[in-house]
Each structure stands twice: as C-alpha cells, then as structure tokens.
Amino acid sequence: METCKSIPVIDLQDFPGQSSKLVKACEDWGCFRIINHDKILPFSLMKEMKAVVRSLLDLPQEIKQRNRDVIAGSGYVAPSERNPLYEALGLYDIASSEALDEFCTQLDASPHQRQSFWTGQPKDLGETFVRYAQAIHKLINDIAQKVAEGLGVANFSFEGWPCQFRINKYNFVEESVGSYGVQIHTDSGFLTILQEDENVRGLEVMDKCGTFVAVDPWPGSLIVNLGDAATLWSNGRLHNVKHRVLCKEATIRVSIATFLLGPREDAIEPPSQLVDSEHPRQYKPFTYEEYRKLRLSTKMQAELLAIRRLASTVAQELLVSAWLLDVNKPAPVATVSLSFFSILVLPEPLINSFQQTAKALHIPKSVHQEVEVSSLGSRWLSTHDFQLYGSKCADI
Ligand SMILES: O=C(O)CCC(=O)C(=O)O
Ligand SMILES: [Fe+2]
C-alpha cells in the first residue's frame, strides 16, 4: 500500500556491507535515512546544536539581518509576503574557520545580551557550532565518498567542495495547516544532510512514481537527499529527489540542512568510470556557480537540467545564455529578454524552435536569423551577440 512506503535506511556502521543498498537508494529514491553515524556525529552534539540554533532563531530581527549573503541566497531569509511562515539563517563554507567566526560575530550581541541569548553560557554558541560543523563536514564527505565508491569511482575526493548550512524555522499556525512550509524543489548541490525537527512532521519526498512519501521524525537519525549536482556528476545515475515541507500542525518546526554543493571552480563532470559507449555523456559541463545563478534567476530546476542535456536545441542554448547574462545585465536588455524569455519559458519550458517564438512575438526575421546564425557552431552566445540581439529587440 502506498501509505506504507518509506525511504531506505542505511546503517553507516555496516560498510562495505551496505554499499549496494546505498547505491540502489541513490538511484531509486535519491534519498535515504542514515543511522549509526554517532562515531562521527553523536546524538548529544545534534541535540546541543539544535538548542543553539533555536536560540539563534529567537534573536531579534535586527540581529538576524546581520547574517548577510556571501553567495546569492546564503544568508538570512526573513519571513516574506510570499512565505510568511518561513525564515532561515545561513552560513556559506562551514569548513572555513573565518566564515564560522564571522557568522558568530555577526549574530553576536553585547556580552550582557549574549549571556541571556546563549542559555547563560557565553561561549556555547561558537564552540558547539564549530564542533558540529567539523563533524557534519566529515560525515557529508564520508557519505559522498561511499556513494562514489559504490558507483565504482574509487579515490574520488569531495574535500575541496564547499559546504553550506541553512537553518530553517517554520512558524506554523492553525490557519497554515495543510499549506506549504517549503514548496516542491530539488536541492542544487551534490548531497544534503538534514537534521530534522525531532518532533514535528512535515518533510515529504517524491518517489519515482510521483507519489509523496512522508519522512517522519526519528530522533538520532539523519536524512540524506541527493541534488542536481549529483545527477550531473553521475551522468544521470543518481536521482535528484523532489521534496517539500507541509504544515501539519500549528507549532514551530526547526531543521538544519547541510549542503555539499559542487566543485569550487572546476566544471561538474562525470568521472571517466561513469562514461562509456553504453552510457554516453548526457550533460554539458558547467560550473556549480553558473548552475546556481541560473537556478536563482530562472526559478527552474528539473527543467534546467533537461536543457543542459547535450541534445538541447539552439533555442534552448539561447535561453540559457540569455539568463546567464540576465544576472547583471543593464536595464533595456534585461527588460526585453525578461519579457521575451518568460513568454518563451512559462507556457512550455522546452520550446522546439526559436524562430517560431520569434515569429509569434513579431520579431523581424532579420533579427532572429542573425541570432541563430551567430549561435551556430559555438555553444554559448557571446555577451556581444546577445546585447546586439537585445538592442535590436528593444528597437522593435
Ligand atoms: O526543513 C526541511 O525538512 C527541509 C528543508 C529543505 O528542503 C531545504 O532546506 O532545502
Ligand atoms: Fe531541500
């Protein structure tokens, strides 16, 4: 029966015994629960960290606002009109002691205030944070390596890949029962470890048949999700799981997400063991940063991976180029491209032909022919090409 389904459970103490079970969980679900990880991250430290982050989230708004973005979306997210129930604190690069220091300093109040905020023990915040960050960083690398080994990729190191914390707080109220705490999404990175709320339900993952399966609290265990970078890195073998958070009851829910993102500068590419004549390369290489920017500016996720497939059309290439440029583009080009490409994308994300849309929008033939010609033979349109195109559109 569907309702009896639950995600696989992986015992971290039983390796290499559980290696094939781990790979199957990653391919079939893109999600699993881990138990017996206490040699690296003990339950006592998980509880301590939860108490610390709850006190951080209770800080006044003006202090939380100091937790600024280091990369787009990495800092404090205040409750918004669109999502009034949700707020989050964030820390980019948990392996960096400077970043940890900065995070603690940003959220620090005066020594007097500090005492009351940090459960009366002034140094608890920093200490617990650092110990948790070190432990979870080790754990996330260990799991990623086990996944790689299970796929036959020995000695692959994820050490230099940056990790990010996001501390989520859901202020659920009676009226919100049944609505979203977080909308359906995939994570953009390689792998996420979730320390869930120990009492409050809400997380659901989508199985491959499209059915949502509840992931209920199991104190002491952790949830692992695979993200888009895992699908790209594995040449399509690892499943990037869709998930969401629903409000089930009127109460506060707190979770800690640790994301292993992607390589710092190198493109995300499958190791040679995962590419052969039976498994030809599926995606174009590109950097994690490029991908993250695209996701933020396009608000696309699964569709975005589809348009990064090698089989994508010139029109799709153009779309991606336009969005990449969109990130810091001057106004006239931005306006034109935004209106143009949102028409292109929203009704039917994977359009077949650039010309058809251009015609539908009454863009003169000379313009779209020129765009198409300039994109042929090169994977990316240059900024110049696009700006030329943008300015011509603006003249129409
Ligand atoms: O709060 C949760 O259980 C999930 C949060 C999540 O999916 C995320 O932060 O990406
Ligand atoms: Fe997520």
# chains A, B, ... in the order shown; residues from 1 in each chain; ligands from 1
call {"tool": "select_by_dssp", "arguments": {"residues": "region 67-312 of chain A", "states": "strand (DSSP E or B)", "output": "VMD selection string"}}
result
chain A and resid 77 86 to 92 163 to 171 180 to 185 191 to 195 203 to 206 212 to 214 222 to 226 243 to 246 252 to 260 267 to 268 283 286 to 287 309
call {"tool": "select_by_dssp", "arguments": {"residues": "region 8-95 of chain A", "states": "helix (DSSP H, G or I)", "output": "NGL selection string"}}
result
:A and (19-28 or 43-57 or 61-64)
call {"tool": "closest_atom_pairs", "arguments": {"of": "chain A", "to": "ligand 1", "cutoff": "10 Å", "atoms": "only C-alpha atoms and all ligand atoms", "output": "Markdown table"}}
result
| residue | atom | partner | partner_atom_place_in_ligand_line | distance |
| --- | --- | --- | --- | --- |
| A:Tyr86 | CA | ligand 1 | 1 (O) | 9.8 |
| A:Ala88 | CA | ligand 1 | 9 (O) | 8.7 |
| A:Phe165 | CA | ligand 1 | 9 (O) | 8.8 |
| A:Arg166 | CA | ligand 1 | 9 (O) | 6.2 |
| A:Ile167 | CA | ligand 1 | 9 (O) | 7.5 |
| A:Asn168 | CA | ligand 1 | 1 (O) | 5.8 |
| A:Lys169 | CA | ligand 1 | 1 (O) | 7.7 |
| A:Tyr170 | CA | ligand 1 | 1 (O) | 8.0 |
| A:Gly181 | CA | ligand 1 | 1 (O) | 8.1 |
| A:Val182 | CA | ligand 1 | 7 (O) | 7.0 |
| A:Gln183 | CA | ligand 1 | 7 (O) | 8.7 |
| A:Ile184 | CA | ligand 1 | 7 (O) | 8.4 |
| A:His185 | CA | ligand 1 | 7 (O) | 7.4 |
| A:Thr186 | CA | ligand 1 | 10 (O) | 7.5 |
| A:Asp187 | CA | ligand 1 | 10 (O) | 5.8 |
| A:Ser188 | CA | ligand 1 | 10 (O) | 8.8 |
| A:Gly189 | CA | ligand 1 | 10 (O) | 9.9 |
| A:Thr192 | CA | ligand 1 | 10 (O) | 7.9 |
| A:Ile193 | CA | ligand 1 | 8 (C) | 9.5 |
| A:Leu194 | CA | ligand 1 | 3 (O) | 6.6 |
| A:Gln195 | CA | ligand 1 | 3 (O) | 7.7 |
| A:Glu196 | CA | ligand 1 | 3 (O) | 5.6 |
| A:Asp197 | CA | ligand 1 | 3 (O) | 7.4 |
| A:Val200 | CA | ligand 1 | 3 (O) | 9.6 |
| A:Arg201 | CA | ligand 1 | 3 (O) | 8.5 |
| A:Gly202 | CA | ligand 1 | 3 (O) | 6.8 |
| A:Leu203 | CA | ligand 1 | 3 (O) | 4.9 |
| A:Glu204 | CA | ligand 1 | 3 (O) | 8.1 |
| A:Val205 | CA | ligand 1 | 7 (O) | 9.4 |
| A:Val215 | CA | ligand 1 | 3 (O) | 8.7 |
| A:Asp216 | CA | ligand 1 | 3 (O) | 9.7 |
| A:Pro217 | CA | ligand 1 | 3 (O) | 9.8 |
| A:Ile223 | CA | ligand 1 | 3 (O) | 8.9 |
| A:Asn225 | CA | ligand 1 | 7 (O) | 8.6 |
| A:Gly227 | CA | ligand 1 | 10 (O) | 9.6 |
| A:Lys242 | CA | ligand 1 | 7 (O) | 8.9 |
| A:His243 | CA | ligand 1 | 7 (O) | 6.4 |
| A:Arg244 | CA | ligand 1 | 7 (O) | 6.2 |
| A:Val245 | CA | ligand 1 | 2 (C) | 6.0 |
| A:Leu246 | CA | ligand 1 | 3 (O) | 9.1 |
| A:Arg253 | CA | ligand 1 | 1 (O) | 7.9 |
| A:Val254 | CA | ligand 1 | 1 (O) | 6.8 |
| A:Ser255 | CA | ligand 1 | 1 (O) | 4.9 |
| A:Ile256 | CA | ligand 1 | 1 (O) | 7.1 |
| A:Ala257 | CA | ligand 1 | 9 (O) | 5.4 |
| A:Thr258 | CA | ligand 1 | 9 (O) | 8.3 |
| A:Phe259 | CA | ligand 1 | 10 (O) | 8.4 |
call {"tool": "write_last_selection", "arguments": {"atoms": "C-alpha atoms", "output": "tab-separated table (two decimals), in the first residue's frame"}}
result
chain	number	residue	atom	x	y	z
A	86	TYR	CA	9.39	30.63	6.89
A	88	ALA	CA	16.30	30.87	7.68
A	165	PHE	CA	24.42	25.45	6.42
A	166	ARG	CA	20.83	26.52	6.25
A	167	ILE	CA	18.89	26.65	9.50
A	168	ASN	CA	15.17	26.57	8.73
A	169	LYS	CA	12.42	27.79	11.01
A	170	TYR	CA	8.75	27.32	10.19
A	181	GLY	CA	6.34	25.46	4.51
A	182	VAL	CA	8.70	24.99	1.56
A	183	GLN	CA	7.49	24.44	-1.99
A	184	ILE	CA	8.43	21.38	-4.03
A	185	HIS	CA	12.08	21.62	-5.05
A	186	THR	CA	15.27	19.72	-5.64
A	187	ASP	CA	18.47	20.81	-3.89
A	188	SER	CA	21.03	22.32	-6.28
A	189	GLY	CA	24.15	20.72	-4.77
A	192	THR	CA	22.27	17.36	1.62
A	193	ILE	CA	22.17	16.11	5.21
A	194	LEU	CA	19.03	17.12	7.06
A	195	GLN	CA	18.79	17.12	10.81
A	196	GLU	CA	15.05	17.22	11.06
A	197	ASP	CA	12.85	18.53	13.82
A	200	VAL	CA	7.31	17.98	14.18
A	201	ARG	CA	6.42	16.23	10.93
A	202	GLY	CA	6.26	17.91	7.53
A	203	LEU	CA	9.01	16.71	5.18
A	204	GLU	CA	7.79	14.69	2.17
A	205	VAL	CA	9.86	13.25	-0.68
A	215	VAL	CA	9.56	11.33	6.19
A	216	ASP	CA	8.56	11.36	9.84
A	217	PRO	CA	10.75	12.25	12.83
A	223	ILE	CA	18.09	12.31	6.23
A	225	ASN	CA	18.94	13.98	-0.16
A	227	GLY	CA	20.62	17.15	-5.52
A	242	LYS	CA	11.97	16.33	-5.28
A	243	HIS	CA	10.81	17.23	-1.80
A	244	ARG	CA	8.66	19.71	0.10
A	245	VAL	CA	7.66	20.68	3.61
A	246	LEU	CA	3.98	20.82	4.58
A	253	ARG	CA	9.43	23.45	13.32
A	254	VAL	CA	13.25	23.74	13.11
A	255	SER	CA	15.56	21.82	10.79
A	256	ILE	CA	19.28	22.10	9.99
A	257	ALA	CA	20.32	21.46	6.40
A	258	THR	CA	23.98	20.95	5.44
A	259	PHE	CA	24.64	21.10	1.71
call {"tool": "residues_around", "arguments": {"residues": "Ala135 (chain A)", "least_positions_apart": "5", "cutoff": "12 Å", "atoms": "only C-alpha atoms", "output": "ChimeraX atom specification"}}
result
/A:37-43,45-46,49,94-95,128-130,140-142,193,258
call {"tool": "closest_residue", "arguments": {"among": "A:Leu226, A:Ala99, A:Val213, A:Cys163", "to": "ligand 2", "atoms": "only C-alpha atoms and all ligand atoms"}}
result
A:Leu226
call {"tool": "residues_around", "arguments": {"residues": "Ile34 (chain A)", "least_positions_apart": "6", "cutoff": "9 Å", "atoms": "only C-alpha atoms", "output": "ChimeraX atom specification"}}
result
/A:8-12,221-224
call {"tool": "write_last_selection", "arguments": {"atoms": "N, CA, C and O atoms", "output": "PDB file, in the first residue's frame"}}
result
ATOM      1  N   PRO A   8      14.567   4.276   2.200  1.00  0.00           N
ATOM      2  CA  PRO A   8      15.508   3.266   2.695  1.00  0.00           C
ATOM      3  C   PRO A   8      16.308   3.762   3.900  1.00  0.00           C
ATOM      4  O   PRO A   8      16.533   4.965   4.049  1.00  0.00           O
ATOM      5  N   VAL A   9      16.723   2.815   4.728  1.00  0.00           N
ATOM      6  CA  VAL A   9      17.541   3.142   5.910  1.00  0.00           C
ATOM      7  C   VAL A   9      18.927   2.526   5.701  1.00  0.00           C
ATOM      8  O   VAL A   9      19.055   1.353   5.373  1.00  0.00           O
ATOM      9  N   ILE A  10      19.945   3.352   5.856  1.00  0.00           N
ATOM     10  CA  ILE A  10      21.323   2.881   5.655  1.00  0.00           C
ATOM     11  C   ILE A  10      22.062   2.921   6.991  1.00  0.00           C
ATOM     12  O   ILE A  10      22.103   3.970   7.650  1.00  0.00           O
ATOM     13  N   ASP A  11      22.644   1.786   7.352  1.00  0.00           N
ATOM     14  CA  ASP A  11      23.390   1.686   8.606  1.00  0.00           C
ATOM     15  C   ASP A  11      24.858   1.999   8.320  1.00  0.00           C
ATOM     16  O   ASP A  11      25.569   1.223   7.679  1.00  0.00           O
ATOM     17  N   LEU A  12      25.318   3.145   8.807  1.00  0.00           N
ATOM     18  CA  LEU A  12      26.683   3.586   8.478  1.00  0.00           C
ATOM     19  C   LEU A  12      27.768   2.708   9.100  1.00  0.00           C
ATOM     20  O   LEU A  12      28.922   2.764   8.687  1.00  0.00           O
ATOM     21  N   SER A 221      18.495   9.981  14.003  1.00  0.00           N
ATOM     22  CA  SER A 221      18.866   9.631  12.618  1.00  0.00           C
ATOM     23  C   SER A 221      18.984  10.925  11.803  1.00  0.00           C
ATOM     24  O   SER A 221      18.622  12.002  12.276  1.00  0.00           O
ATOM     25  N   LEU A 222      19.508  10.799  10.591  1.00  0.00           N
ATOM     26  CA  LEU A 222      19.635  11.954   9.689  1.00  0.00           C
ATOM     27  C   LEU A 222      19.083  11.574   8.320  1.00  0.00           C
ATOM     28  O   LEU A 222      19.111  10.389   7.940  1.00  0.00           O
ATOM     29  N   ILE A 223      18.602  12.563   7.590  1.00  0.00           N
ATOM     30  CA  ILE A 223      18.093  12.309   6.234  1.00  0.00           C
ATOM     31  C   ILE A 223      19.125  12.810   5.226  1.00  0.00           C
ATOM     32  O   ILE A 223      19.706  13.876   5.405  1.00  0.00           O
ATOM     33  N   VAL A 224      19.329  12.041   4.169  1.00  0.00           N
ATOM     34  CA  VAL A 224      20.233  12.472   3.102  1.00  0.00           C
ATOM     35  C   VAL A 224      19.430  12.599   1.802  1.00  0.00           C
ATOM     36  O   VAL A 224      18.681  11.684   1.431  1.00  0.00           O
TER      37      VAL A 224
END
call {"tool": "atom_distance", "arguments": {"atom1": "CA of Val173 (chain A)", "atom2": "CA of Pro84 (chain A)"}}
result
10.6 Å
